[in-house]
Structures are given as structure tokens and as C-alpha cells.
Amino acid sequence: MDRTLDLTAALGRVVIGALRGAGAVALFAAEAASHLFRPPFYGRLFLKAFIEIAWFSLPVVALTAVFTGMVLALQSYTGFARFNAEGAVANVVVLSITRELGPVLAGLMVAGRIGAAFAAEIGTMRVTDQIDALGTLSTNPMKYLVTPRLLAGTLALPLLVVVADILGVMGGWLIGTQQLGFASGAYLKATFDFLQIWDVVSGLVKAAVFGFIVTLMGCWCGYTSGGGAQGVGRATTSAVVASSILILATDYILTAIFFSR
């Protein structure tokens with residue numbers, strides 16, 4: 001009986017701690033978002049964060065998308081060949097890339113790069129008291145450090161996903177025409193005939209949400225870090241792990257909302 005009570009109490013503490021953390025993150029996000037509608041707006045910081053996310057993350061997202069499309073075409077062909085349905089390869093590639101793999105993989109790549117960078121940068125400012133110094137200069141740390149990054153992430157990731165969609169489909173087309181024996185015109189026709197505008201739009205909506213999540217968790221983990229260099233390291237790891245888990249969980253929720261019948 002005592003063991004059961006101890007386990008129940010431990011479980012309750014975990015649940016309460018998780019709810020407390022979720023509430024703190026939600027309040028943090030609400031406060032940061034509220035500063036979008038109150039001047040001043042730090043345009044230079046927004047532009048710097050936007051370039052950091054959109055431009056400098058482009059190579060890793062592009063390479064990931066190309067190889068994902070190539071692997072997807074190979075795997076789809078191998079599976080469909082068992083049922084004499086090889087012609088569906090183009091349909092599966094374009095649908096998988098635009099709806100799921102484009103936004104999810106781009107979000108995960110950006111989480112590994114940008115989420116960690118933001119957590120390390122803001123965490124270093126926290127442990128060196130630079131954030132407190134901003135307050136003494138009559139500068140709101142949330143408005144200065146968090147709000148421009150949140151907006152930049154929300155706007156930049158959909159642009160990266162557009163590139164990822166194009167390159168992912170191109171990777172599938174390359175393998176399909178050069179290795180699997182598809183005619184280029186027939187492959188492209190099957191791709192565009194099957195693709196619907198909502199497939200692309202749903203992926204871009206997911207990308208905007210994922211961009212918000214990545215930058216939010218990076219800023220949150222850095223902003224609440226402490227304990228010197230060790231604390232910054234923990235914040236960096238936590239930002240990547242939390243962003244990745246939330247991206248996958250949110251992807252399921254959005255997919256259920258968009259495509260449930």
C-alpha cells in the first residue's frame with residue numbers, strides 16, 4: 001500500500017511539474033507575442049535573426065530535402081513493385097514531401113541549429129547579467145531579445161519549407177528518371193496532376209508553427225538558464241530536445257486537424 005502511494009505521489013509530482021512548466025512557457029510566449037503590437041520594434045534585430053534562420057540554415061535544409069526525396073523515391077519504388085504499382089511513386093513523393101517530410105525535417109534541422117544557438121546566446125547573456133543590464137538601460141529584455149526572434153522564426157521557416165518542397169520533389173524526380181526508368185514528362189505530369197494546393201498550404205502552416213516552437217524553446221531555455229557555463233550547456237540541450245519533441249507532437253495534432261475525415 002505504501003509503495004502504491006509513493007508511486008502515485010511521484011507520478012503526481014511529475015504531472016504537476018509538467019503542467020507548471022507548460023504554463024510558464026505559455027505565459028512567456030504570450031508576453032513575447034504581446035510586444036509585437038507595442039512600440040518600439042527592433043527591426044535590425046528581427047532582420048539579423050531572419051537572415052540567421054532563413055539564409056544560413058538553407059544549406060542543411062536543402063541537402064536534407066534532396067536526399068529525403070531521393071530515398072523516398074527508392075523506397076516507394078521497391079515497395080510498390082511488389083504490387084505492380086510503380087506509377088504511384090511520383091504521387092507518394094510529392095504528397096509525403098509537401099505534407100509531412102518537408103516541414104518536419106526542416107523544423108528538426110532548424111531546431112538543431114537555431115534553437116541551440118538562441119539558447120546559448122541568451123543563456124550566456126543571462127549568466128553574465130547582461131539581461132539584467134538591459135533593464136537598467138530601460139530596455140525590455142523580452143521585447144529586445146525574444147519578440148524579434150519569434151517573429152523571424154515564424155516567417156522564415158515557411159520560406160525554407162518552400163525550398164525544401166521543391167528540392168525534395170526534384171530529388172525524387174532525379175532518382176525516378178535517372179535510376180528507375182521513368183520518363184521525365186510522365187513523372188512531372190503525375191506529380192502536378194496529383195498535387196493539390198491544400199497539400200502545400202498545410203505544410204506551410206505547419207512550418208510557421210514549427211518555426212514559432214523552435215525559436216520559443218530556444219529563447220525560453222536560454223532566458224531561464226542559470227548556473228554558469230554548465231547551465232548554458234543544459235539550456236542548449238534542453239532547447240533542441242524540447243523543440244524536437246514538440247515538433248513531432250504538434251505535427252500529429254495539426255495532421256489530425258487538417259486531414260481527418
# chains A, B, ... in the order shown; residues from 1 in each chain; ligands from 1

$ residues_around --residues "Leu188 (chain A)" --least-positions-apart "4" --cutoff "8 Å" --atoms "only C-alpha atoms" --output "ChimeraX atom specification"
/A:90,173,184,192

$ residues_around --residues "Ala111 (chain A)" --least-positions-apart "6" --cutoff "9 Å" --atoms "only C-alpha atoms" --output "tab-separated table (two decimals) with all heavy atoms, in the first residue's frame"
chain	number	residue	atom	x	y	z
A	210	PHE	N	5.99	25.38	-36.46
A	210	PHE	CA	7.26	24.80	-36.03
A	210	PHE	C	8.32	25.88	-35.83
A	210	PHE	O	9.14	25.79	-34.91
A	210	PHE	CB	7.76	23.78	-37.06
A	210	PHE	CG	6.85	22.60	-37.24
A	210	PHE	CD1	6.96	21.80	-38.37
A	210	PHE	CD2	5.89	22.28	-36.30
A	210	PHE	CE1	6.13	20.70	-38.55
A	210	PHE	CE2	5.05	21.19	-36.48
A	210	PHE	CZ	5.17	20.40	-37.60
A	211	GLY	N	8.34	26.88	-36.69
A	211	GLY	CA	9.29	27.98	-36.52
A	211	GLY	C	9.06	28.72	-35.22
A	211	GLY	O	10.02	29.09	-34.52
A	213	ILE	N	7.71	27.40	-32.53
A	213	ILE	CA	8.09	26.49	-31.45
A	213	ILE	C	9.61	26.48	-31.26
A	213	ILE	O	10.11	26.55	-30.13
A	213	ILE	CB	7.57	25.08	-31.74
A	213	ILE	CG1	6.05	25.02	-31.58
A	213	ILE	CG2	8.24	24.05	-30.83
A	213	ILE	CD1	5.44	23.70	-32.02
A	214	VAL	N	10.34	26.39	-32.35
A	214	VAL	CA	11.80	26.30	-32.27
A	214	VAL	C	12.38	27.55	-31.61
A	214	VAL	O	13.21	27.47	-30.68
A	214	VAL	CB	12.42	26.10	-33.67
A	214	VAL	CG1	13.93	26.32	-33.64
A	214	VAL	CG2	12.10	24.71	-34.18
A	215	THR	N	11.97	28.72	-32.08
A	215	THR	CA	12.51	29.96	-31.52
A	215	THR	C	12.02	30.18	-30.09
A	215	THR	O	12.76	30.68	-29.24
A	215	THR	CB	12.14	31.16	-32.40
A	215	THR	OG1	10.73	31.12	-32.69
A	215	THR	CG2	12.91	31.13	-33.70
A	218	GLY	N	14.07	27.85	-27.83
A	218	GLY	CA	15.43	28.34	-27.74
A	218	GLY	C	15.54	29.55	-26.82
A	218	GLY	O	16.42	29.62	-25.95
A	239	ALA	N	16.81	22.92	-25.20
A	239	ALA	CA	16.13	23.61	-26.30
A	239	ALA	C	15.96	22.69	-27.50
A	239	ALA	O	14.87	22.63	-28.11
A	239	ALA	CB	16.90	24.86	-26.70
A	240	VAL	N	17.01	21.95	-27.86
A	240	VAL	CA	16.93	21.06	-29.02
A	240	VAL	C	15.98	19.91	-28.76
A	240	VAL	O	15.12	19.57	-29.59
A	240	VAL	CB	18.34	20.53	-29.38
A	240	VAL	CG1	18.25	19.54	-30.53
A	240	VAL	CG2	19.26	21.69	-29.74
A	241	VAL	N	16.09	19.29	-27.58
A	241	VAL	CA	15.24	18.14	-27.25
A	241	VAL	C	13.78	18.55	-27.18
A	241	VAL	O	12.90	17.90	-27.76
A	241	VAL	CB	15.70	17.48	-25.94
A	241	VAL	CG1	14.72	16.40	-25.50
A	241	VAL	CG2	17.09	16.89	-26.09
A	243	SER	N	12.28	21.20	-28.46
A	243	SER	CA	11.78	21.62	-29.78
A	243	SER	C	11.46	20.41	-30.64
A	243	SER	O	10.41	20.37	-31.30
A	243	SER	CB	12.82	22.50	-30.48
A	243	SER	OG	13.06	23.68	-29.75
A	244	SER	N	12.34	19.43	-30.65
A	244	SER	CA	12.13	18.25	-31.49
A	244	SER	C	10.88	17.47	-31.07
A	244	SER	O	10.07	17.07	-31.91
A	244	SER	CB	13.36	17.33	-31.43
A	244	SER	OG	14.52	18.01	-31.86

$ closest_residue --among "A:Arg99, A:Arg38, A:Lys143, A:Arg149" --to "Gly115 (chain A)" --atoms "only C-alpha atoms"
A:Arg149

$ select_by_dssp --residues "region 32-189 of chain A" --states "alpha helix (DSSP H)" --output "ChimeraX atom specification"
/A:32-34,43-54,58-80,89-96,102-110,116-127,130-136,141,147-178,184-189

$ residues_around --residues "Phe118 (chain A)" --least-positions-apart "2" --cutoff "7 Å" --atoms "only C-alpha atoms" --output "ChimeraX atom specification"
/A:114-116,120-122,218-219,222

$ residues_around --residues "Phe41 (chain A)" --least-positions-apart "5" --cutoff "9 Å" --atoms "only C-alpha atoms" --output "PyMOL selection string"
chain A and resi 35-36+46+143-144+147-148

$ closest_atom_pairs --of "region 154-236 of chain A" --to "region 128-142 of chain A" --cutoff "12 Å" --atoms "only C-alpha atoms" --output "tab-separated table"
residue	atom	partner	partner_atom	distance
A:Leu216	CA	A:Met142	CA	11.5
A:Cys219	CA	A:Met142	CA	9.5
A:Trp220	CA	A:Met142	CA	10.3
A:Gly222	CA	A:Ile131	CA	10.8
A:Tyr223	CA	A:Ile131	CA	8.5
A:Thr224	CA	A:Ile131	CA	10.9
A:Ser225	CA	A:Thr128	CA	11.1
A:Gly226	CA	A:Thr128	CA	9.6
A:Gly227	CA	A:Thr128	CA	10.3
A:Gly228	CA	A:Thr128	CA	8.1
A:Ala229	CA	A:Thr128	CA	9.8
A:Gly231	CA	A:Thr128	CA	11.7
A:Val232	CA	A:Thr128	CA	10.8

$ closest_atom_pairs --of "region 75-95 of chain A" --to "region 102-108 of chain A" --cutoff "12 Å" --atoms "only C-alpha atoms" --output "JSON lines"
{"residue": "A:Val93", "atom": "CA", "partner": "A:Gly102", "partner_atom": "CA", "distance": 10.7}
{"residue": "A:Val94", "atom": "CA", "partner": "A:Gly102", "partner_atom": "CA", "distance": 9.8}
{"residue": "A:Leu95", "atom": "CA", "partner": "A:Gly102", "partner_atom": "CA", "distance": 9.9}

$ closest_residue --among "A:Leu167, A:Cys221, A:Leu45, A:Ile245" --to "Val25 (chain A)" --atoms "only C-alpha atoms"
A:Cys221

$ atom_distance --atom1 "CA of Gly69 (chain A)" --atom2 "CA of Ala152 (chain A)"
27.1 Å

$ atom_distance --atom1 "CA of Asp165 (chain A)" --atom2 "CA of Ala29 (chain A)"
28.8 Å
